[in-house]
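*Asks:* One file: my_file26.txt (compact mmCIF, C-alpha atoms and all ligand atoms).
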```
# COMPACT_ATOMS: atom_id res chain seq x y z
CA MET A 86 -0.43 -43.74 -8.78
CA GLY A 87 2.28 -43.16 -6.16
CA VAL A 88 3.68 -45.82 -3.89
CA ARG A 89 1.88 -46.76 -0.67
CA ASP A 90 3.62 -45.55 2.47
CA GLN A 91 3.90 -49.02 3.98
CA ASP A 92 5.36 -50.45 0.75
CA CYS A 93 7.85 -47.63 0.54
CA VAL A 94 8.86 -48.04 4.19
CA ARG A 95 9.53 -51.73 3.62
CA PHE A 96 11.46 -50.95 0.46
CA LEU A 97 13.60 -48.32 2.23
CA GLN A 98 14.26 -50.63 5.16
CA ALA A 99 15.61 -53.19 2.68
CA TYR A 100 17.64 -50.89 0.42
CA LEU A 101 18.97 -48.06 2.61
CA PRO A 102 21.53 -50.38 4.30
CA ARG A 103 22.85 -51.28 0.84
CA LEU A 104 23.81 -47.60 0.45
CA GLY A 105 25.34 -47.30 3.93
CA LEU A 106 22.24 -45.41 5.11
CA LYS A 107 19.85 -46.07 7.99
CA TRP A 108 16.07 -46.15 8.11
CA ALA A 109 15.84 -44.23 11.43
CA GLY A 110 17.30 -41.13 9.75
CA TYR A 111 14.67 -41.24 7.01
CA ARG A 112 11.57 -41.88 9.08
CA LYS A 113 10.49 -38.21 9.12
CA VAL A 114 11.60 -37.29 5.60
CA ARG A 115 10.60 -40.48 3.82
CA ARG A 116 7.79 -38.81 1.86
CA THR A 117 10.32 -36.82 -0.18
CA VAL A 118 12.25 -39.98 -1.01
CA CYS A 119 9.12 -42.07 -1.64
CA LYS A 120 7.75 -39.46 -4.05
CA ARG A 121 10.96 -39.62 -6.08
CA ILE A 122 10.91 -43.41 -6.11
CA GLY A 123 7.23 -43.44 -7.13
CA ARG A 124 7.97 -41.06 -10.02
CA ARG A 125 10.84 -43.28 -11.19
CA LYS A 126 8.69 -46.41 -10.98
CA ARG A 127 6.11 -44.72 -13.22
CA GLU A 128 8.76 -43.53 -15.68
CA LEU A 129 10.01 -47.09 -16.01
CA GLY A 130 6.47 -48.46 -16.37
CA LEU A 131 6.97 -50.88 -13.46
CA SER A 132 4.01 -52.42 -11.67
CA ASP A 133 5.35 -52.26 -8.12
CA LEU A 134 8.39 -51.70 -5.91
CA ALA A 135 9.27 -55.39 -6.02
CA ALA A 136 9.89 -54.95 -9.75
CA TYR A 137 12.01 -51.88 -9.02
CA GLY A 138 13.97 -53.92 -6.48
CA ARG A 139 14.66 -56.59 -9.14
CA LEU A 140 15.97 -53.92 -11.48
CA LEU A 141 18.25 -52.57 -8.74
CA GLU A 142 19.77 -56.01 -8.23
CA HIS A 143 21.52 -55.95 -11.60
CA SER A 144 21.81 -52.23 -12.37
CA PRO A 145 24.53 -50.26 -10.58
CA GLU A 146 23.34 -47.17 -12.53
CA GLU A 147 19.86 -47.51 -11.07
CA MET A 148 21.36 -48.05 -7.59
CA ALA A 149 23.26 -44.76 -8.03
CA ARG A 150 19.98 -43.10 -8.99
CA LEU A 151 18.31 -44.47 -5.87
CA ASP A 152 21.25 -43.13 -3.87
CA ALA A 153 20.61 -39.68 -5.35
CA PHE A 154 16.88 -39.97 -4.46
CA CYS A 155 17.98 -40.37 -0.83
CA ARG A 156 19.70 -36.98 -0.64
CA ILE A 157 17.71 -34.52 1.44
CA PRO A 158 18.45 -30.97 0.33
CA ILE A 159 16.94 -28.92 3.19
CA SER A 160 19.06 -26.03 4.42
CA ARG A 161 18.87 -22.32 5.23
CA PHE A 162 21.11 -19.50 6.34
CA TYR A 163 22.08 -19.36 10.03
CA ARG A 164 20.28 -22.67 10.63
CA ASP A 165 20.56 -23.26 14.41
CA ARG A 166 21.06 -19.71 15.62
CA ALA A 167 22.81 -20.56 18.88
CA VAL A 168 25.51 -22.46 16.98
CA PHE A 169 26.28 -19.61 14.61
CA ASP A 170 26.06 -17.04 17.41
CA ALA A 171 28.72 -19.03 19.28
CA LEU A 172 30.86 -19.36 16.16
CA GLY A 173 30.69 -15.62 15.48
CA ASP A 174 31.10 -14.45 19.08
CA THR A 175 33.90 -16.68 20.36
CA LEU A 176 34.76 -19.79 18.35
CA LEU A 177 35.91 -18.28 15.05
CA PRO A 178 38.03 -15.65 16.85
CA ASP A 179 39.54 -18.47 18.94
CA LEU A 180 40.31 -20.53 15.82
CA ALA A 181 41.86 -17.42 14.25
CA GLU A 182 44.05 -17.01 17.32
CA ARG A 183 45.18 -20.65 17.08
CA ALA A 184 45.94 -20.19 13.35
CA ALA A 185 47.95 -17.05 14.14
CA MET A 186 49.92 -18.96 16.81
CA ARG A 187 50.84 -21.55 14.16
CA GLY A 188 52.03 -18.72 11.94
CA ASP A 189 49.14 -19.14 9.46
CA ARG A 190 47.26 -16.32 7.75
CA GLU A 191 44.14 -18.38 7.02
CA VAL A 192 41.46 -20.13 9.04
CA GLN A 193 40.45 -23.18 6.98
CA CYS A 194 36.85 -24.41 7.08
CA TRP A 195 35.06 -27.31 5.45
CA SER A 196 31.30 -27.57 5.08
CA ALA A 197 30.58 -31.23 4.26
CA GLY A 198 27.17 -31.62 2.60
CA CYS A 199 26.90 -27.90 1.93
CA ALA A 200 23.62 -28.17 -0.07
CA SER A 201 22.93 -24.91 -1.95
CA GLY A 202 25.67 -23.04 -0.11
CA GLU A 203 23.65 -21.54 2.75
CA GLU A 204 26.07 -22.84 5.39
CA VAL A 205 29.17 -21.81 3.45
CA TYR A 206 27.92 -18.27 2.94
CA THR A 207 26.72 -18.04 6.54
CA LEU A 208 30.33 -18.58 7.64
CA ARG A 209 31.52 -16.01 5.08
CA LEU A 210 29.04 -13.42 6.37
CA LEU A 211 29.70 -14.17 10.03
CA TRP A 212 33.33 -13.37 9.37
CA ASP A 213 32.87 -10.42 7.01
CA LEU A 214 30.02 -8.70 8.84
CA ALA A 215 31.43 -9.19 12.35
CA PRO A 216 31.00 -5.89 14.21
CA GLN A 217 34.66 -5.97 15.30
CA PRO A 218 37.02 -8.13 13.23
CA SER A 219 39.02 -10.08 15.79
CA HIS A 220 41.99 -10.72 13.46
CA PRO A 221 41.95 -8.18 10.61
CA ASN A 222 44.91 -9.77 8.79
CA MET A 223 43.51 -13.29 8.88
CA ARG A 224 41.53 -14.73 5.96
CA LEU A 225 38.70 -17.21 6.23
CA ALA A 226 38.90 -19.88 3.51
CA ILE A 227 35.92 -22.17 3.03
CA LEU A 228 35.52 -25.43 1.13
CA GLY A 229 31.96 -26.61 0.48
CA THR A 230 31.48 -30.17 -0.74
CA ASP A 231 28.32 -31.99 -1.72
CA ALA A 232 27.56 -35.18 -3.61
CA ASP A 233 24.81 -33.47 -5.61
CA GLU A 234 25.63 -31.55 -8.77
CA VAL A 235 22.32 -29.66 -8.80
CA MET A 236 22.88 -28.43 -5.24
CA LEU A 237 26.36 -27.24 -6.14
CA LYS A 238 25.07 -25.33 -9.18
CA ARG A 239 22.60 -23.57 -6.90
CA ALA A 240 25.39 -22.85 -4.45
CA ALA A 241 27.47 -21.29 -7.23
CA ALA A 242 24.51 -19.15 -8.36
CA ALA A 243 24.01 -17.98 -4.72
CA CYS A 244 20.42 -16.72 -5.20
CA TYR A 245 17.85 -17.71 -2.58
CA PRO A 246 14.11 -17.41 -1.86
CA GLY A 247 12.91 -15.46 1.17
CA GLY A 248 12.41 -18.58 3.32
CA SER A 249 16.17 -19.17 3.37
CA PHE A 250 16.66 -16.04 5.46
CA LYS A 251 14.24 -16.49 8.35
CA ASP A 252 17.02 -16.96 10.93
CA VAL A 253 19.58 -14.42 9.75
CA PRO A 254 20.53 -11.31 11.76
CA ALA A 255 18.27 -8.37 10.88
CA ASP A 256 20.58 -6.41 8.59
CA TRP A 257 22.29 -9.24 6.69
CA SER A 258 19.99 -9.42 3.69
CA GLU A 259 20.25 -5.67 3.15
CA ARG A 260 24.02 -5.54 3.58
CA ALA A 261 25.04 -8.59 1.59
CA PHE A 262 22.29 -9.39 -0.96
CA THR A 263 20.75 -7.80 -4.04
CA PRO A 264 17.11 -8.52 -4.98
CA ASP A 265 16.63 -10.41 -8.24
CA ASN A 266 13.04 -11.33 -9.19
CA ASP A 267 11.72 -13.42 -6.28
CA THR A 268 15.16 -14.12 -4.84
CA LEU A 269 18.03 -12.42 -3.05
CA CYS A 270 21.47 -12.92 -4.59
CA LEU A 271 24.68 -12.73 -2.61
CA ARG A 272 26.91 -9.87 -3.74
CA PRO A 273 30.15 -10.97 -5.44
CA GLU A 274 32.40 -9.50 -2.73
CA PHE A 275 30.99 -12.08 -0.29
CA ARG A 276 31.83 -15.05 -2.54
CA ARG A 277 35.61 -14.84 -2.31
CA ASP A 278 37.89 -17.50 -0.76
CA ILE A 279 35.23 -20.13 -1.31
CA VAL A 280 35.69 -23.36 -3.25
CA LEU A 281 32.70 -25.59 -4.07
CA ARG A 282 33.41 -29.15 -5.08
CA ARG A 283 31.49 -32.31 -5.84
CA GLU A 284 32.55 -35.03 -3.42
CA ASP A 285 30.78 -37.98 -1.88
CA ILE A 286 31.98 -38.01 1.71
CA ARG A 287 31.60 -41.81 1.82
CA ALA A 288 34.29 -42.17 -0.85
CA GLN A 289 36.63 -39.22 -0.43
CA GLN A 290 37.44 -36.38 1.90
CA PRO A 291 39.62 -33.33 1.41
CA ASP A 292 43.14 -33.38 2.84
CA GLY A 293 42.81 -30.38 5.12
CA PRO A 294 44.03 -29.70 7.67
CA PHE A 295 40.99 -27.70 8.71
CA ASP A 296 40.36 -25.54 11.75
CA LEU A 297 36.61 -26.05 11.49
CA VAL A 298 34.48 -28.80 9.96
CA LEU A 299 30.71 -28.51 9.70
CA CYS A 300 29.11 -31.88 9.02
CA ARG A 301 25.49 -31.09 9.79
CA ASN A 302 22.36 -33.02 9.00
CA LEU A 303 24.19 -35.55 6.88
CA ALA A 304 26.45 -38.33 8.21
CA PHE A 305 25.16 -38.32 11.80
CA THR A 306 21.52 -38.43 10.74
CA TYR A 307 21.41 -40.56 7.60
CA PHE A 308 24.47 -42.82 7.70
CA ALA A 309 24.49 -46.27 9.28
CA GLY A 310 26.63 -46.74 12.41
CA ASP A 311 29.68 -48.22 10.71
CA LEU A 312 29.79 -45.51 8.07
CA GLN A 313 29.32 -42.86 10.76
CA ARG A 314 32.38 -44.17 12.57
CA ARG A 315 34.47 -44.20 9.37
CA THR A 316 33.31 -40.69 8.47
CA LEU A 317 34.18 -39.45 11.93
CA ALA A 318 37.66 -41.00 11.72
CA ALA A 319 38.19 -39.28 8.35
CA ILE A 320 37.06 -35.94 9.81
CA GLU A 321 39.39 -36.40 12.74
CA ARG A 322 42.32 -36.99 10.39
CA CYS A 323 41.72 -33.76 8.49
CA LEU A 324 41.21 -31.50 11.56
CA TRP A 325 44.00 -29.60 13.26
CA PRO A 326 44.48 -30.51 16.91
CA GLY A 327 42.32 -27.97 18.71
CA GLY A 328 40.01 -27.78 15.66
CA LEU A 329 36.23 -27.90 15.92
CA LEU A 330 33.58 -30.22 14.54
CA VAL A 331 30.02 -28.88 14.36
CA LEU A 332 26.99 -31.16 13.93
CA GLY A 333 23.29 -30.48 13.39
CA ALA A 334 21.20 -29.45 16.39
CA HIS A 335 19.71 -32.94 16.85
CA GLU A 336 22.80 -34.95 16.07
CA ARG A 337 25.28 -36.70 18.34
CA LEU A 338 28.61 -38.36 17.71
CA PRO A 339 28.78 -42.15 17.83
CA ALA A 340 29.35 -43.40 21.37
CA GLU A 341 32.95 -44.46 20.73
CA ALA A 342 34.04 -40.97 19.60
CA GLU A 343 36.81 -40.76 22.15
CA ALA A 344 38.99 -38.50 20.03
CA PHE A 345 36.66 -35.54 20.57
CA VAL A 346 35.74 -33.47 23.60
CA ARG A 347 32.39 -31.72 23.79
CA GLU A 348 32.91 -27.98 23.65
CA SER A 349 29.64 -27.02 25.29
CA ALA A 350 26.88 -29.06 26.90
CA ALA A 351 24.22 -27.01 25.15
CA LEU A 352 25.62 -26.96 21.61
CA PRO A 353 26.46 -29.74 19.12
CA ILE A 354 30.12 -28.73 18.93
CA TRP A 355 33.14 -30.95 19.64
CA ARG A 356 36.86 -30.20 19.78
CA LYS A 357 39.73 -32.40 18.72
CA PRO A 358 42.09 -32.05 21.68
CA ALA A 359 45.28 -30.09 21.05
CA LYS A 360 48.52 -32.04 21.00
CA LYS A 361 51.40 -30.74 23.03
CA LYS A 362 53.91 -31.25 20.22
CA GLY A 363 53.96 -32.30 16.57
CA GLY A 364 52.06 -31.63 13.33
CA PRO A 365 48.40 -31.63 12.42
CA ARG A 366 47.73 -35.38 12.22
C1 LIG B 1 20.02 -31.91 4.80
S1 LIG B 1 21.26 -31.19 3.76
C2 LIG B 1 22.26 -30.37 4.96
C3 LIG B 1 22.75 -29.03 4.49
C4 LIG B 1 23.52 -28.24 5.53
N1 LIG B 1 24.68 -28.96 5.98
C5 LIG B 1 22.62 -27.92 6.69
O1 LIG B 1 22.72 -28.54 7.75
O2 LIG B 1 21.79 -27.01 6.57
C6 LIG B 1 22.26 -32.61 3.34
C7 LIG B 1 23.16 -32.37 2.14
O3 LIG B 1 24.10 -33.45 2.07
C8 LIG B 1 24.27 -33.84 0.73
N2 LIG B 1 24.72 -35.24 0.72
C9 LIG B 1 23.98 -36.37 0.86
N3 LIG B 1 24.76 -37.46 0.82
C10 LIG B 1 26.02 -37.02 0.66
C11 LIG B 1 27.28 -37.66 0.57
N4 LIG B 1 27.36 -39.00 0.64
N5 LIG B 1 28.39 -36.90 0.40
C12 LIG B 1 28.30 -35.56 0.34
N6 LIG B 1 27.14 -34.88 0.43
C13 LIG B 1 26.02 -35.60 0.58
C14 LIG B 1 22.91 -33.65 0.10
O4 LIG B 1 23.01 -33.51 -1.31
C15 LIG B 1 22.43 -32.37 0.81
O5 LIG B 1 22.77 -31.23 0.06
```
Could you quickly redo this structure as structure tokens?

*Replies:*
Amino acid sequence: MGVRDQDCVRFLQAYLPRLGLKWAGYRKVRRTVCKRIGRRKRELGLSDLAAYGRLLEHSPEEMARLDAFCRIPISRFYRDRAVFDALGDTLLPDLAERAAMRGDREVQCWSAGCASGEEVYTLRLLWDLAPQPSHPNMRLAILGTDADEVMLKRAAAACYPGGSFKDVPADWSERAFTPDNDTLCLRPEFRRDIVLRREDIRAQQPDGPFDLVLCRNLAFTYFAGDLQRRTLAAIERCLWPGGLLVLGAHERLPAEAEAFVRESAALPIWRKPAKKKGGPR
């Protein structure tokens, strides 16, 4: 038998804070997490969640497993159309212009919590399939990080079911993917200049500096306030002045995020103000 919703809710309310996570972020997706916990309870032959809680108290390995149960893997290509339209139409060309002014030949992007790679490859395709390349000599380099090994393996395989494409521009799947059984696989020429790496954003962040950071449907939905603020400070450190931070459609920055200026009232995009003089940090 699975776990009862009310028992699972109580359990999550007690244990999510121990992982730096917050209950409010999990309210809508708790069934996924509760199913995983119920399965684990059965595997261990435990009578109830209280027994699982007792096990967690003296098993860091089991706590790490619970942490993994709390990862929500949902993603798709071009998720939040207006955001990617804005990136393709004006924001990526603007970041390319800023990189060119610095004397760089690369626009550096980081997708934090990249899941199975949909967001990383959406950036790649926005750049490669742009009707008119704004900066033909500029490269787009993308780092995708995720805490979950399974997600990263899927990202490296780059094959996706039809549902992953419901928001993409009409000709993308034909131009960039090859059918393989029930999936569409990204052609190798669209996988270049991409690095995928396992990293838990709570413990480590890449050095950067980046022109663009996408941290969507992760820290600003699931992390507790304090951890959100620390994550934001880490993102700020690794962004170029004038660089952009993109969140999920329903996410907001913590109230004290004074270091960022909202780029557009309608879109979840913020800019780290440009400095007049000096380096990236
Ligand atoms: C809901 S998905 C978001 C995917 C994509 N960013 C999007 O918005 O479509 C959240 C991803 O974050 C990953 N994740 C969860 N906790 C993480 C952490 N502490 N560090 C890095 N990635 C994490 C999960 O494994 C999952 O792939």

*Asks:* Could you check which residues have any atom within 8 Å of (30.0, -29.2, 1.6), counting all atoms listed in the file with coordinates taken straight from the file, and then list them as an MDAnalysis selection string?

*Replies:* chainID A and resid 195:200 202 205 228:231 281:282 300

*Asks:* Pull C-alpha atoms from the residues just selected and write them as an mmCIF file, keeping the file's coordinate frame.

*Replies:*
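Output file selection_3.cif is given in full below:
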```
data_model
loop_
_atom_site.group_PDB
_atom_site.id
_atom_site.type_symbol
_atom_site.label_atom_id
_atom_site.label_comp_id
_atom_site.auth_asym_id
_atom_site.auth_seq_id
_atom_site.Cartn_x
_atom_site.Cartn_y
_atom_site.Cartn_z
ATOM 1 C CA TRP A 195 35.060 -27.310 5.450
ATOM 2 C CA SER A 196 31.300 -27.570 5.080
ATOM 3 C CA ALA A 197 30.580 -31.230 4.260
ATOM 4 C CA GLY A 198 27.170 -31.620 2.600
ATOM 5 C CA CYS A 199 26.900 -27.900 1.930
ATOM 6 C CA ALA A 200 23.620 -28.170 -0.070
ATOM 7 C CA GLY A 202 25.670 -23.040 -0.110
ATOM 8 C CA VAL A 205 29.170 -21.810 3.450
ATOM 9 C CA LEU A 228 35.520 -25.430 1.130
ATOM 10 C CA GLY A 229 31.960 -26.610 0.480
ATOM 11 C CA THR A 230 31.480 -30.170 -0.740
ATOM 12 C CA ASP A 231 28.320 -31.990 -1.720
ATOM 13 C CA LEU A 281 32.700 -25.590 -4.070
ATOM 14 C CA ARG A 282 33.410 -29.150 -5.080
ATOM 15 C CA CYS A 300 29.110 -31.880 9.020
#
```

*Asks:* Any chance you could tabulate, as a Markdown table, the residues of chain A at most 10 Å from ligand LIG 1 (chain B) with each one's nearest atom pair and distance in Å to one decimal, using all atoms listed in the file, in chain and rising number order?

*Replies:*
```
| residue | atom | partner | partner_atom | distance |
| --- | --- | --- | --- | --- |
| A:Leu104 | CA | B:LIG1 | N4 | 9.3 |
| A:Gly105 | CA | B:LIG1 | N4 | 9.2 |
| A:Leu106 | CA | B:LIG1 | N4 | 9.3 |
| A:Asp152 | CA | B:LIG1 | N3 | 8.2 |
| A:Ala153 | CA | B:LIG1 | O4 | 7.8 |
| A:Phe154 | CA | B:LIG1 | O4 | 9.4 |
| A:Cys155 | CA | B:LIG1 | C9 | 7.4 |
| A:Arg156 | CA | B:LIG1 | C9 | 4.6 |
| A:Ile157 | CA | B:LIG1 | C1 | 4.8 |
| A:Pro158 | CA | B:LIG1 | C15 | 4.2 |
| A:Ile159 | CA | B:LIG1 | C1 | 4.6 |
| A:Ser160 | CA | B:LIG1 | O2 | 3.6 |
| A:Arg161 | CA | B:LIG1 | O2 | 5.7 |
| A:Phe162 | CA | B:LIG1 | O2 | 7.5 |
| A:Tyr163 | CA | B:LIG1 | O2 | 8.4 |
| A:Arg164 | CA | B:LIG1 | O2 | 6.1 |
| A:Asp165 | CA | B:LIG1 | O1 | 8.8 |
| A:Ser196 | CA | B:LIG1 | N1 | 6.8 |
| A:Ala197 | CA | B:LIG1 | C12 | 6.3 |
| A:Gly198 | CA | B:LIG1 | O3 | 3.6 |
| A:Cys199 | CA | B:LIG1 | N1 | 4.7 |
| A:Ala200 | CA | B:LIG1 | O5 | 3.2 |
| A:Ser201 | CA | B:LIG1 | O5 | 6.6 |
| A:Gly202 | CA | B:LIG1 | C4 | 8.0 |
| A:Glu203 | CA | B:LIG1 | O2 | 6.9 |
| A:Glu204 | CA | B:LIG1 | C4 | 6.0 |
| A:Val205 | CA | B:LIG1 | C4 | 8.8 |
| A:Gly229 | CA | B:LIG1 | N1 | 9.4 |
| A:Thr230 | CA | B:LIG1 | C12 | 6.4 |
| A:Asp231 | CA | B:LIG1 | N6 | 3.8 |
| A:Ala232 | CA | B:LIG1 | C12 | 4.0 |
| A:Asp233 | CA | B:LIG1 | O4 | 4.7 |
| A:Glu234 | CA | B:LIG1 | O4 | 8.1 |
| A:Val235 | CA | B:LIG1 | O4 | 8.4 |
| A:Met236 | CA | B:LIG1 | O5 | 6.0 |
| A:Leu237 | CA | B:LIG1 | O5 | 8.2 |
| A:Ala240 | CA | B:LIG1 | O5 | 9.9 |
| A:Arg282 | CA | B:LIG1 | C12 | 9.8 |
| A:Arg283 | CA | B:LIG1 | C12 | 7.7 |
| A:Glu284 | CA | B:LIG1 | C12 | 5.7 |
| A:Asp285 | CA | B:LIG1 | N5 | 3.5 |
| A:Ile286 | CA | B:LIG1 | N5 | 4.0 |
| A:Arg287 | CA | B:LIG1 | N4 | 5.2 |
| A:Ala288 | CA | B:LIG1 | N4 | 7.8 |
| A:Gln289 | CA | B:LIG1 | N5 | 8.6 |
| A:Gln290 | CA | B:LIG1 | N5 | 9.2 |
| A:Leu299 | CA | B:LIG1 | N1 | 7.1 |
| A:Cys300 | CA | B:LIG1 | N1 | 6.1 |
| A:Arg301 | CA | B:LIG1 | O1 | 4.3 |
| A:Asn302 | CA | B:LIG1 | O1 | 4.7 |
| A:Leu303 | CA | B:LIG1 | C6 | 5.0 |
| A:Ala304 | CA | B:LIG1 | N3 | 7.6 |
| A:Thr306 | CA | B:LIG1 | C1 | 8.9 |
| A:Tyr307 | CA | B:LIG1 | N3 | 8.2 |
| A:Phe308 | CA | B:LIG1 | N4 | 8.5 |
| A:Thr316 | CA | B:LIG1 | N4 | 10.0 |
| A:Val331 | CA | B:LIG1 | O1 | 9.9 |
| A:Leu332 | CA | B:LIG1 | O1 | 8.0 |
| A:Gly333 | CA | B:LIG1 | O1 | 6.0 |
| A:Ala334 | CA | B:LIG1 | O1 | 8.8 |
```

*Asks:* Given the choices A:Pro216, A:Ala226, A:Gly173, A:Arg115, which gets closest to Asp189 (chain A) if the distance is worked out from all atoms listed in the file?

*Replies:* A:Ala226

*Asks:* In Å to one decimal, how far is CA of Asp213 (chain A) from CA of Arg277 (chain A)?

*Replies:* 10.7 Å

*Asks:* Smallest atom-to-atom distance to Lys251 (chain A): which of A:Pro218, A:Gly87, A:Arg166, A:Pro145, using only C-alpha atoms?

*Replies:* A:Arg166

*Asks:* Between CA of Pro358 (chain A) and CA of Pro326 (chain A), what is the spacing in Å?

*Replies:*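 A separation of 5.6 Å between them.
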
*Asks:* Just the number, please: distance in Å from CA of Ile227 (chain A) to CA of Ile279 (chain A), one decimal.

*Replies:*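 Distance between the two atoms: 4.8 Å.
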
*Asks:* Using all atoms of region 348-356 of chain A listed in the file and a margin of 5 Å per side, can you give the axis-aligned box centre and edge lengths in Å to one decimal, as JSON?

*Replies:*
```
{"center_x": 30.5, "center_y": -29.0, "center_z": 22.9, "size_x": 22.6, "size_y": 14.0, "size_z": 18.0}
```

*Asks:* Fix up region 251-265 of chain A with N, CA, C and O atoms, then write it as a PDB file, keeping the file's coordinate frame.

*Replies:*
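Output file rebuild-v1.pdb is given in full below:
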```
ATOM      1  N   LYS A 251      15.058 -16.787   7.165  1.00  0.00           N
ATOM      2  CA  LYS A 251      14.240 -16.490   8.350  1.00  0.00           C
ATOM      3  C   LYS A 251      15.037 -16.406   9.639  1.00  0.00           C
ATOM      4  O   LYS A 251      14.606 -15.792  10.584  1.00  0.00           O
ATOM      5  N   ASP A 252      16.236 -16.994   9.680  1.00  0.00           N
ATOM      6  CA  ASP A 252      17.020 -16.960  10.930  1.00  0.00           C
ATOM      7  C   ASP A 252      18.178 -15.961  10.915  1.00  0.00           C
ATOM      8  O   ASP A 252      18.916 -15.875  11.884  1.00  0.00           O
ATOM      9  N   VAL A 253      18.361 -15.242   9.819  1.00  0.00           N
ATOM     10  CA  VAL A 253      19.580 -14.420   9.750  1.00  0.00           C
ATOM     11  C   VAL A 253      19.455 -13.142  10.575  1.00  0.00           C
ATOM     12  O   VAL A 253      18.349 -12.628  10.784  1.00  0.00           O
ATOM     13  N   PRO A 254      20.578 -12.595  11.062  1.00  0.00           N
ATOM     14  CA  PRO A 254      20.530 -11.310  11.760  1.00  0.00           C
ATOM     15  C   PRO A 254      19.856 -10.243  10.889  1.00  0.00           C
ATOM     16  O   PRO A 254      19.950 -10.294   9.652  1.00  0.00           O
ATOM     17  N   ALA A 255      19.196  -9.288  11.548  1.00  0.00           N
ATOM     18  CA  ALA A 255      18.270  -8.370  10.880  1.00  0.00           C
ATOM     19  C   ALA A 255      18.852  -7.670   9.650  1.00  0.00           C
ATOM     20  O   ALA A 255      18.166  -7.554   8.639  1.00  0.00           O
ATOM     21  N   ASP A 256      20.093  -7.231   9.702  1.00  0.00           N
ATOM     22  CA  ASP A 256      20.580  -6.410   8.590  1.00  0.00           C
ATOM     23  C   ASP A 256      21.338  -7.183   7.505  1.00  0.00           C
ATOM     24  O   ASP A 256      21.793  -6.602   6.535  1.00  0.00           O
ATOM     25  N   TRP A 257      21.471  -8.487   7.644  1.00  0.00           N
ATOM     26  CA  TRP A 257      22.290  -9.240   6.690  1.00  0.00           C
ATOM     27  C   TRP A 257      21.780  -9.151   5.262  1.00  0.00           C
ATOM     28  O   TRP A 257      22.561  -8.943   4.346  1.00  0.00           O
ATOM     29  N   SER A 258      20.472  -9.346   5.072  1.00  0.00           N
ATOM     30  CA  SER A 258      19.990  -9.420   3.690  1.00  0.00           C
ATOM     31  C   SER A 258      20.210  -8.072   2.988  1.00  0.00           C
ATOM     32  O   SER A 258      20.592  -8.024   1.827  1.00  0.00           O
ATOM     33  N   GLU A 259      20.041  -6.994   3.733  1.00  0.00           N
ATOM     34  CA  GLU A 259      20.250  -5.670   3.150  1.00  0.00           C
ATOM     35  C   GLU A 259      21.738  -5.406   2.851  1.00  0.00           C
ATOM     36  O   GLU A 259      22.086  -4.865   1.816  1.00  0.00           O
ATOM     37  N   ARG A 260      22.595  -5.854   3.742  1.00  0.00           N
ATOM     38  CA  ARG A 260      24.020  -5.540   3.580  1.00  0.00           C
ATOM     39  C   ARG A 260      24.731  -6.421   2.553  1.00  0.00           C
ATOM     40  O   ARG A 260      25.709  -6.002   1.954  1.00  0.00           O
ATOM     41  N   ALA A 261      24.240  -7.644   2.386  1.00  0.00           N
ATOM     42  CA  ALA A 261      25.040  -8.590   1.590  1.00  0.00           C
ATOM     43  C   ALA A 261      24.339  -9.111   0.334  1.00  0.00           C
ATOM     44  O   ALA A 261      24.971  -9.787  -0.477  1.00  0.00           O
ATOM     45  N   PHE A 262      23.038  -8.796   0.156  1.00  0.00           N
ATOM     46  CA  PHE A 262      22.290  -9.390  -0.960  1.00  0.00           C
ATOM     47  C   PHE A 262      21.640  -8.325  -1.835  1.00  0.00           C
ATOM     48  O   PHE A 262      21.311  -7.236  -1.362  1.00  0.00           O
ATOM     49  N   THR A 263      21.437  -8.681  -3.089  1.00  0.00           N
ATOM     50  CA  THR A 263      20.750  -7.800  -4.040  1.00  0.00           C
ATOM     51  C   THR A 263      19.485  -8.531  -4.507  1.00  0.00           C
ATOM     52  O   THR A 263      19.565  -9.715  -4.876  1.00  0.00           O
ATOM     53  N   PRO A 264      18.332  -7.841  -4.507  1.00  0.00           N
ATOM     54  CA  PRO A 264      17.110  -8.520  -4.980  1.00  0.00           C
ATOM     55  C   PRO A 264      17.191  -8.848  -6.474  1.00  0.00           C
ATOM     56  O   PRO A 264      17.743  -8.072  -7.245  1.00  0.00           O
ATOM     57  N   ASP A 265      16.673 -10.017  -6.829  1.00  0.00           N
ATOM     58  CA  ASP A 265      16.630 -10.410  -8.240  1.00  0.00           C
ATOM     59  C   ASP A 265      15.365 -11.266  -8.418  1.00  0.00           C
ATOM     60  O   ASP A 265      15.309 -12.396  -7.948  1.00  0.00           O
TER      61      ASP A 265
END
```
